[in-house]
Amino acid sequence: MSQNIVVIGGGPAGIEASRRLRDLGYTPILIEKEPVLGGHLARWDRLFPDGVEARKVLEPMLADLDGIKYFTDTEVSSINRLKDTWVVKLSNGLSAQVRAVLLTTGFDLFKAEKKEEYGYGIYERVITNADLEDWFKSGAAPQFDDVKVIGFVHCVGSRDEKAGNRQCSKVCCVTAVKQACEIKERFPEATVYCFYMDLRMFGRKYEDLYLKAQKECGIRFVRGRVSEVSEDIDGHLFVKAEDTLFGKPLKIKMDMLVLMAGMAPAASTAELARMVNVLPGEDGFFLPHSLIDSPCTCAREGIFYAGTATGPKTIPETLSEAASAALAIDRYLKSPQK
Amino acid sequence: MIDFGYGLTPSATLKIEKVDNPLFAELHRLEPDVTKCIACGSCTASCSAGVFTEMSLRRVILSLQRGREKETLPMLQHCMLCGKCQLVCPRGINTRHLILSIGKVYKMEDKAL
Ligand SMILES: Cc1cc2nc3c(=O)[nH]c(=O)nc-3n(C[C@H](O)[C@H](O)[C@H](O)COP(=O)(O)OP(=O)(O)OC[C@H]3O[C@@H](n4cnc5c(N)ncnc54)[C@H](O)[C@@H]3O)c2cc1C
Ligand code: SF4
Ligand code: SF4
Ligand code: SF4
């Protein structure tokens with residue numbers, strides 16, 4: 001019988017690592033707390049930089065789960081060290097004794113209502129990047145009519161010490177530019193603004209998307225962080241920022257505002273870290289051995305990480321880390337036992 | 001760029017290599033957060049004085065970092081120390097303490113604050 005490995009978190013990282021482990025001859029036991037596998041990828045409509053449909057990436061993964069035991073709607077109740085193994089107890093009453101546990105618990109979308117000054121959950125016309133994906137995906141008619149001016153607010157709950165997240169979430173600049181182009185397709189007459197502090201177009205083809213946004217879509221980029229939002233009697237929004245390149249404060253009326261909520265550590269990180277006795281980083285994400293050459297291992301023997309559980313990443317980065325984690329586990333299990 | 005000294009008008013370039021400012025060092029000692037600013041402009045956008053005057057805390061900080069303290073006084077004299085900038089600063093800078101420290105270090109108390 002092939003050796004079991006517990007993988008906690010059934011997003012892109014967990015699914016990909018499980019497939020790789022299966023291909024290496026192991027039997028992964030994949031645990032997902034939600035009713036379906038797929039993590040955040042299951043929520044997105046089209047992906048940057050090329051606009052590939054998210055389902056075209058996810059569906060082939062979900063169609064290839066033979067040899068993987070997976071449990072949805074299931075959580076981990078406890079993890080305990082027993083000699084050179086980990087005993088993992090699940091909320092469904094089952095338990096597994098394994099030599100390796102892979103943590104792929106991903107991230108939580110920053111709760112935009114925490115930034116009260118932006119009015120999410122208070123003003124109807126303030127939505128998040130994830131709400132916009134839901135809308136794109138549903139194919140429904142626009143929620144609001146008469147949408148002439150639309151704003152995108154970068155860095156919501158990222159790069160923000162008061163929100164408790166100092167880190168840059170990495171994917172939201174390019175997501176904002178992608179969504180700004182998409183919204184322009186839906187409302188060709190609208191004027192669309194992006195309010196940014198720095199535009200982080202780090203990946204291949206991201207700069208091209210930015211160029212397209214400027215040249216073809218006519219998106220207006222304003223360098224300045226939105227400081228506050230208010231509402232008038234008809235539900236229209238007033239957005240305050242400084243145009244820092246021009247050096248003047250501005251106040252602009254908008255019909256819709258999209259908040260680029262960032263990536264925060266998954267809620268279960270602290271609890272799981274306690275169970276396996278590791279310390280998360282200062283930012284709340286799991287901290288691997290080295291961010292340079294061993295991103296999947298940590299000080300605790302038999303505990304491995306992959307994906308956004310160790311900080312913001314794109315999907316291709318997440319998938320390649322999942323493959324590395326599978327190889328790291330394989331190497332660990334094949335190394336002579338002490 | 002080499003300044004040959006023949007020009008009729010003084011060079012308009014910013015001489016950042018000349019910024020070696022003991023006053024700024026003193027300010028940094030009093031309020032270490034002065035170097036944490038990321039020039040996001042939130043303070044200026046929400047500033048109670050900024051709508052009617054040239055007050056911009058972002059520009060004040062930048063001017064001091066560039067050794068151009070003369071440009072800050074006309075701005076700072078409009079500050080009412082209301083603290084709105086502190087509410088919105090994403091770097092959590094204690095802006096009121098910063099402004100008061102600037103006044104102290106650059107001897108502006110009698111003139112402005
Ligand atoms: C608005 C937005 C748009 C994006 N668009 C793109 C894009 O276009 N292209 C791109 O490359 N990337 C994009 N990304 C990034 C992408 O979403 C991530 O790279 C990817 O989802 C990371 O996968 P993951 O498996 O690490 O984490 P997740 O997708 O977060 O999956 C983690 C899974 O673990 C589960 N889990 C968590 N804790 C537990 C627990 N204790 N027990 C059991 N299960 C648990 C969760 O329910 C979840 O299913 C976007 C991100 C955001 C925020
Ligand atoms: S990627 Fe852009 S929007 Fe997202 S946190 Fe970083 S700078 Fe802000
Ligand atoms: S404290 Fe001064 S700089 Fe800050 S918001 Fe008030 S008036 Fe503006
Ligand atoms: S709000 Fe803070 S970080 Fe932003 S420009 Fe003002 S002082 Fe700098």
# chains A, B, ... in the order shown; residues from 1 in each chain; ligands from 1

call {"tool": "residues_near_ligand", "arguments": {"ligand": "ligand 3", "cutoff": "12 Å", "atoms": "only C-alpha atoms and all ligand atoms", "output": "MDAnalysis selection string"}}
result
(chainID A and resid 227 249) or (chainID B and resid 41:61 72 75:89 93:100 112:113)

call {"tool": "interface_residues", "arguments": {"of": "chain A", "to": "chain B", "cutoff": "6 Å", "atoms": "only C-alpha atoms", "output": "compact mmCIF listing (two decimals) with all heavy atoms, in the first residue's frame"}}
result
# COMPACT_ATOMS: atom_id res chain seq x y z
N ASP A 160 -0.57 48.78 4.64
CA ASP A 160 -1.35 49.61 5.55
C ASP A 160 -1.12 49.12 6.97
O ASP A 160 -1.66 48.08 7.37
CB ASP A 160 -2.82 49.51 5.14
CG ASP A 160 -3.71 50.47 5.91
OD1 ASP A 160 -3.31 50.89 7.01
OD2 ASP A 160 -4.80 50.79 5.41
N GLU A 161 -0.32 49.85 7.71
CA GLU A 161 0.03 49.41 9.06
C GLU A 161 -1.19 49.41 9.96
O GLU A 161 -1.31 48.61 10.87
CB GLU A 161 1.11 50.31 9.66
CG GLU A 161 2.29 50.48 8.73
CD GLU A 161 3.63 50.16 9.37
OE1 GLU A 161 3.67 49.99 10.59
OE2 GLU A 161 4.61 50.06 8.62
N MET A 197 -0.63 53.90 -5.52
CA MET A 197 0.55 54.50 -4.87
C MET A 197 1.80 54.20 -5.68
O MET A 197 2.65 55.03 -5.89
CB MET A 197 0.73 53.98 -3.46
CG MET A 197 -0.41 54.32 -2.52
SD MET A 197 0.12 54.22 -0.81
CE MET A 197 -0.13 52.50 -0.46
N GLY A 224 -2.05 58.53 -6.27
CA GLY A 224 -2.46 59.05 -4.96
C GLY A 224 -3.37 58.03 -4.32
O GLY A 224 -4.17 57.38 -5.00
N ARG A 225 -3.23 57.87 -3.02
CA ARG A 225 -4.05 56.89 -2.32
C ARG A 225 -5.36 57.56 -1.92
O ARG A 225 -5.36 58.70 -1.47
CB ARG A 225 -3.29 56.42 -1.08
CG ARG A 225 -3.99 55.41 -0.21
CD ARG A 225 -3.02 54.97 0.89
NE ARG A 225 -3.67 54.11 1.87
CZ ARG A 225 -4.33 54.55 2.93
NH1 ARG A 225 -4.43 55.84 3.15
NH2 ARG A 225 -4.89 53.70 3.76
N SER A 227 -8.10 58.69 0.34
CA SER A 227 -8.06 58.83 1.79
C SER A 227 -9.43 58.61 2.42
O SER A 227 -9.52 58.09 3.52
CB SER A 227 -7.50 60.20 2.18
OG SER A 227 -8.42 61.21 1.87
N LYS A 240 -11.97 61.25 -2.13
CA LYS A 240 -10.90 62.21 -1.89
C LYS A 240 -9.54 61.54 -2.05
O LYS A 240 -9.32 60.46 -1.49
CB LYS A 240 -10.99 62.75 -0.46
CG LYS A 240 -11.90 63.93 -0.27
CD LYS A 240 -11.66 64.47 1.13
CE LYS A 240 -12.69 65.50 1.53
NZ LYS A 240 -12.45 65.93 2.91
N ALA A 241 -8.66 62.22 -2.76
CA ALA A 241 -7.29 61.74 -2.89
C ALA A 241 -6.42 62.94 -3.20
O ALA A 241 -6.94 64.03 -3.46
CB ALA A 241 -7.17 60.71 -4.01
N GLU A 242 -5.12 62.75 -3.15
CA GLU A 242 -4.25 63.80 -3.68
C GLU A 242 -3.68 63.29 -4.99
O GLU A 242 -3.26 62.13 -5.07
CB GLU A 242 -3.09 64.12 -2.73
CG GLU A 242 -2.28 65.33 -3.23
CD GLU A 242 -0.87 65.46 -2.68
OE1 GLU A 242 -0.40 64.57 -1.97
OE2 GLU A 242 -0.23 66.48 -2.98
N THR A 244 -0.72 63.17 -6.44
CA THR A 244 0.60 63.50 -5.88
C THR A 244 1.60 63.91 -6.96
O THR A 244 2.61 64.52 -6.65
CB THR A 244 1.18 62.31 -5.08
OG1 THR A 244 1.31 61.20 -5.97
CG2 THR A 244 0.32 61.93 -3.91
N PRO A 249 -4.80 68.37 -3.95
CA PRO A 249 -5.87 67.45 -3.51
C PRO A 249 -7.03 67.47 -4.50
O PRO A 249 -7.24 68.49 -5.17
CB PRO A 249 -6.29 68.01 -2.15
CG PRO A 249 -5.82 69.41 -2.10
CD PRO A 249 -4.68 69.54 -3.07

call {"tool": "residues_near_ligand", "arguments": {"ligand": "ligand 2", "cutoff": "10 Å", "atoms": "only C-alpha atoms and all ligand atoms", "output": "number ranges by chain"}}
result
A: 152-160, 165-177, 194-202, 225, 259-263, 312

call {"tool": "select_by_dssp", "arguments": {"residues": "range 86-324 of chain A", "states": "strand (DSSP E)", "output": "MDAnalysis selection string"}}
result
chainID A and resid 86:90 95:98 101:103 107:109 126:128 149:156 191:196 220:223 228:231 237:243 248:254 256:261 263:265 303:305

call {"tool": "write_last_selection", "arguments": {"atoms": "C-alpha atoms", "output": "CSV table (one decimal), in the first residue's frame"}}
result
chain,number,residue,atom,x,y,z
A,86,TRP,CA,2.1,13.2,12.7
A,87,VAL,CA,-1.4,12.1,13.8
A,88,VAL,CA,-4.0,14.2,12.1
A,89,LYS,CA,-7.6,14.1,13.4
A,90,LEU,CA,-10.4,15.4,11.2
A,95,SER,CA,-7.7,10.3,11.5
A,96,ALA,CA,-4.5,9.6,9.6
A,97,GLN,CA,-1.0,8.8,10.8
A,98,VAL,CA,1.5,10.2,8.3
A,101,VAL,CA,1.8,17.1,6.3
A,102,LEU,CA,1.6,19.8,3.6
A,103,LEU,CA,-0.1,23.1,4.6
A,107,PHE,CA,-5.0,33.4,2.1
A,108,ASP,CA,-8.1,35.2,3.1
A,109,LEU,CA,-9.3,38.2,1.2
A,126,VAL,CA,-18.8,50.6,-3.1
A,127,ILE,CA,-17.9,47.0,-4.0
A,128,THR,CA,-14.7,44.9,-3.9
A,149,VAL,CA,-17.6,57.4,-13.6
A,150,ILE,CA,-15.9,54.4,-12.0
A,151,GLY,CA,-12.9,54.3,-9.7
A,152,PHE,CA,-10.5,51.5,-8.6
A,153,VAL,CA,-8.8,51.9,-5.3
A,154,HIS,CA,-5.5,50.1,-5.0
A,155,CYS,CA,-3.9,48.8,-1.8
A,156,VAL,CA,-7.1,48.3,0.3
A,191,THR,CA,-14.6,57.3,-17.4
A,192,VAL,CA,-12.5,54.9,-15.4
A,193,TYR,CA,-9.8,55.9,-12.9
A,194,CYS,CA,-7.2,53.9,-11.0
A,195,PHE,CA,-5.9,55.4,-7.8
A,196,TYR,CA,-2.5,53.9,-7.1
A,220,ARG,CA,-6.9,57.4,-16.3
A,221,PHE,CA,-4.2,56.7,-13.7
A,222,VAL,CA,-3.9,59.0,-10.7
A,223,ARG,CA,-1.0,58.6,-8.4
A,228,GLU,CA,-11.8,58.8,2.3
A,229,VAL,CA,-15.2,58.2,0.6
A,230,SER,CA,-18.5,59.8,1.3
A,231,GLU,CA,-22.0,59.5,-0.1
A,237,LEU,CA,-19.9,58.7,-4.0
A,238,PHE,CA,-17.3,61.5,-3.4
A,239,VAL,CA,-13.8,60.3,-3.4
A,240,LYS,CA,-10.9,62.2,-1.9
A,241,ALA,CA,-7.3,61.7,-2.9
A,242,GLU,CA,-4.2,63.8,-3.7
A,243,ASP,CA,-2.9,63.8,-7.2
A,248,LYS,CA,-3.1,69.1,-5.5
A,249,PRO,CA,-5.9,67.5,-3.5
A,250,LEU,CA,-8.9,66.4,-5.5
A,251,LYS,CA,-12.5,65.4,-4.8
A,252,ILE,CA,-14.4,63.5,-7.5
A,253,LYS,CA,-17.9,62.3,-7.8
A,254,MET,CA,-18.3,58.6,-8.8
A,256,MET,CA,-19.2,53.1,-8.6
A,257,LEU,CA,-16.0,52.4,-6.6
A,258,VAL,CA,-14.1,49.1,-6.6
A,259,LEU,CA,-11.8,48.3,-3.7
A,260,MET,CA,-8.8,46.2,-4.4
A,261,ALA,CA,-8.9,44.1,-1.3
A,263,MET,CA,-4.4,39.1,0.7
A,264,ALA,CA,-4.4,38.6,4.4
A,265,PRO,CA,-3.2,35.4,6.2
A,303,ILE,CA,5.8,19.9,7.9
A,304,PHE,CA,5.8,21.5,4.4
A,305,TYR,CA,4.2,24.6,2.8

call {"tool": "residues_around", "arguments": {"residues": "Pro316 in chain A", "least_positions_apart": "4", "cutoff": "10 Å", "atoms": "only C-alpha atoms", "output": "list in words"}}
result
Pro12, Ala13, Gly307, Ser320, Glu321 and Ala322 of chain A

call {"tool": "write_last_selection", "arguments": {"atoms": "N, CA and C atoms", "output": "compact mmCIF listing (two decimals), in the first residue's frame"}}
result
# COMPACT_ATOMS: atom_id res chain seq x y z
N PRO A 12 -5.72 25.86 -5.39
CA PRO A 12 -4.77 25.49 -6.45
C PRO A 12 -3.52 24.80 -5.90
N ALA A 13 -2.96 25.31 -4.80
CA ALA A 13 -1.73 24.73 -4.26
C ALA A 13 -1.98 23.30 -3.79
N GLY A 307 2.24 27.53 -1.80
CA GLY A 307 1.22 28.50 -2.22
C GLY A 307 1.16 29.73 -1.34
N SER A 320 3.79 26.25 -9.31
CA SER A 320 5.15 25.71 -9.36
C SER A 320 5.68 25.43 -7.95
N GLU A 321 5.20 26.21 -6.98
CA GLU A 321 5.61 25.90 -5.62
C GLU A 321 5.01 24.59 -5.14
N ALA A 322 3.79 24.32 -5.59
CA ALA A 322 3.14 23.05 -5.22
C ALA A 322 3.97 21.87 -5.75

call {"tool": "residues_near_ligand", "arguments": {"ligand": "ligand 1", "cutoff": "6 Å", "atoms": "only C-alpha atoms and all ligand atoms", "output": "PyMOL selection string"}}
result
chain A and resi 8-14+31-34+37-41+47-48+75-76+104-107+129-130+171+175+262-263+268+307-309+313-316+318

call {"tool": "residues_around", "arguments": {"residues": "Val19 in chain B", "least_positions_apart": "4", "cutoff": "12 Å", "atoms": "only C-alpha atoms", "output": "list in words"}}
result
Leu14, Lys15, Leu23, Phe24, Ala25, Ser63, Leu64, Gln65, Arg66, Gly67, Arg68 and Glu69 of chain B

call {"tool": "closest_residue", "arguments": {"among": "B:Ile16, B:Pro10, B:Asn21, B:Leu62", "to": "ligand 4", "atoms": "only C-alpha atoms and all ligand atoms"}}
result
B:Leu62

call {"tool": "atom_distance", "arguments": {"atom1": "CA of Glu182 in chain A", "atom2": "CA of Asp145 in chain A"}}
result
16.9 Å

call {"tool": "select_by_dssp", "arguments": {"residues": "range 82-143 of chain A", "states": "alpha helix (DSSP H)", "output": "JSON, numbers by chain"}}
result
{"A": [129, 130, 131, 132, 133, 134, 135, 136, 137, 138]}

call {"tool": "residues_around", "arguments": {"residues": "Phe286 in chain A", "least_positions_apart": "6", "cutoff": "8 Å", "atoms": "only C-alpha atoms", "output": "NGL selection string"}}
result
:A and (269 or 273 or 279-280 or 305 or 309-311)

call {"tool": "write_last_selection", "arguments": {"atoms": "N, CA, C and O atoms", "output": "PDB file, in the first residue's frame"}}
result
ATOM      1  N   THR A 269      -4.406  30.019  10.078  1.00  0.00           N
ATOM      2  CA  THR A 269      -2.944  29.926  10.150  1.00  0.00           C
ATOM      3  C   THR A 269      -2.433  29.818  11.591  1.00  0.00           C
ATOM      4  O   THR A 269      -1.642  28.918  11.910  1.00  0.00           O
ATOM      5  N   ALA A 273      -0.551  26.632  13.144  1.00  0.00           N
ATOM      6  CA  ALA A 273       0.838  26.854  13.561  1.00  0.00           C
ATOM      7  C   ALA A 273       1.031  26.364  15.000  1.00  0.00           C
ATOM      8  O   ALA A 273       2.046  25.734  15.320  1.00  0.00           O
ATOM      9  N   LEU A 279       6.244  28.979  14.511  1.00  0.00           N
ATOM     10  CA  LEU A 279       5.870  30.384  14.685  1.00  0.00           C
ATOM     11  C   LEU A 279       5.603  31.016  13.320  1.00  0.00           C
ATOM     12  O   LEU A 279       6.489  31.011  12.467  1.00  0.00           O
ATOM     13  N   PRO A 280       4.413  31.559  13.090  1.00  0.00           N
ATOM     14  CA  PRO A 280       4.210  32.273  11.822  1.00  0.00           C
ATOM     15  C   PRO A 280       5.087  33.522  11.777  1.00  0.00           C
ATOM     16  O   PRO A 280       5.599  33.959  12.812  1.00  0.00           O
ATOM     17  N   TYR A 305       5.130  23.504   3.269  1.00  0.00           N
ATOM     18  CA  TYR A 305       4.207  24.559   2.843  1.00  0.00           C
ATOM     19  C   TYR A 305       4.218  24.698   1.320  1.00  0.00           C
ATOM     20  O   TYR A 305       5.232  24.428   0.678  1.00  0.00           O
ATOM     21  N   ALA A 309      -0.150  30.321   1.374  1.00  0.00           N
ATOM     22  CA  ALA A 309      -0.045  30.160   2.826  1.00  0.00           C
ATOM     23  C   ALA A 309       1.226  30.833   3.341  1.00  0.00           C
ATOM     24  O   ALA A 309       1.312  31.231   4.500  1.00  0.00           O
ATOM     25  N   THR A 310       2.236  30.976   2.460  1.00  0.00           N
ATOM     26  CA  THR A 310       3.475  31.643   2.869  1.00  0.00           C
ATOM     27  C   THR A 310       3.608  33.039   2.252  1.00  0.00           C
ATOM     28  O   THR A 310       4.714  33.558   2.143  1.00  0.00           O
ATOM     29  N   GLY A 311       2.493  33.646   1.867  1.00  0.00           N
ATOM     30  CA  GLY A 311       2.559  35.021   1.370  1.00  0.00           C
ATOM     31  C   GLY A 311       1.970  35.149  -0.031  1.00  0.00           C
ATOM     32  O   GLY A 311       1.820  34.149  -0.733  1.00  0.00           O
TER      33      GLY A 311
END

call {"tool": "residues_around", "arguments": {"residues": "Arg99 in chain A", "least_positions_apart": "2", "cutoff": "12 Å", "atoms": "only C-alpha atoms", "output": "PyMOL selection string"}}
result
chain A and resi 3-7+26+28+79-88+96-97+101-102+300-304+329-330+332-334+337

call {"tool": "residues_around", "arguments": {"residues": "Glu216 in chain A", "least_positions_apart": "3", "cutoff": "12 Å", "atoms": "only C-alpha atoms", "output": "PyMOL selection string"}}
result
chain A and resi 180-182+184-185+188+208-213+219-220

call {"tool": "closest_residue", "arguments": {"among": "B:Gly103, B:Glu17, B:Asp33, B:Ser11", "to": "ligand 4", "atoms": "only C-alpha atoms and all ligand atoms"}}
result
B:Asp33

call {"tool": "atom_distance", "arguments": {"atom1": "CA of Ile29 in chain A", "atom2": "CA of Lys69 in chain A"}}
result
4.8 Å

call {"tool": "atom_distance", "arguments": {"atom1": "CA of Ala325 in chain A", "atom2": "CA of Cys298 in chain A"}}
result
11.5 Å

call {"tool": "closest_residue", "arguments": {"among": "A:Met61, A:Ala306, A:Leu245, A:Val52", "to": "ligand 4", "atoms": "only C-alpha atoms and all ligand atoms"}}
result
A:Leu245

call {"tool": "closest_residue", "arguments": {"among": "A:Leu30, A:Val226, A:Ala54, A:Ala42", "to": "ligand 4", "atoms": "only C-alpha atoms and all ligand atoms"}}
result
A:Val226

call {"tool": "closest_residue", "arguments": {"among": "B:Lys18, B:Leu27, B:Lys36, B:Thr13", "to": "ligand 4", "atoms": "only C-alpha atoms and all ligand atoms"}}
result
B:Lys36
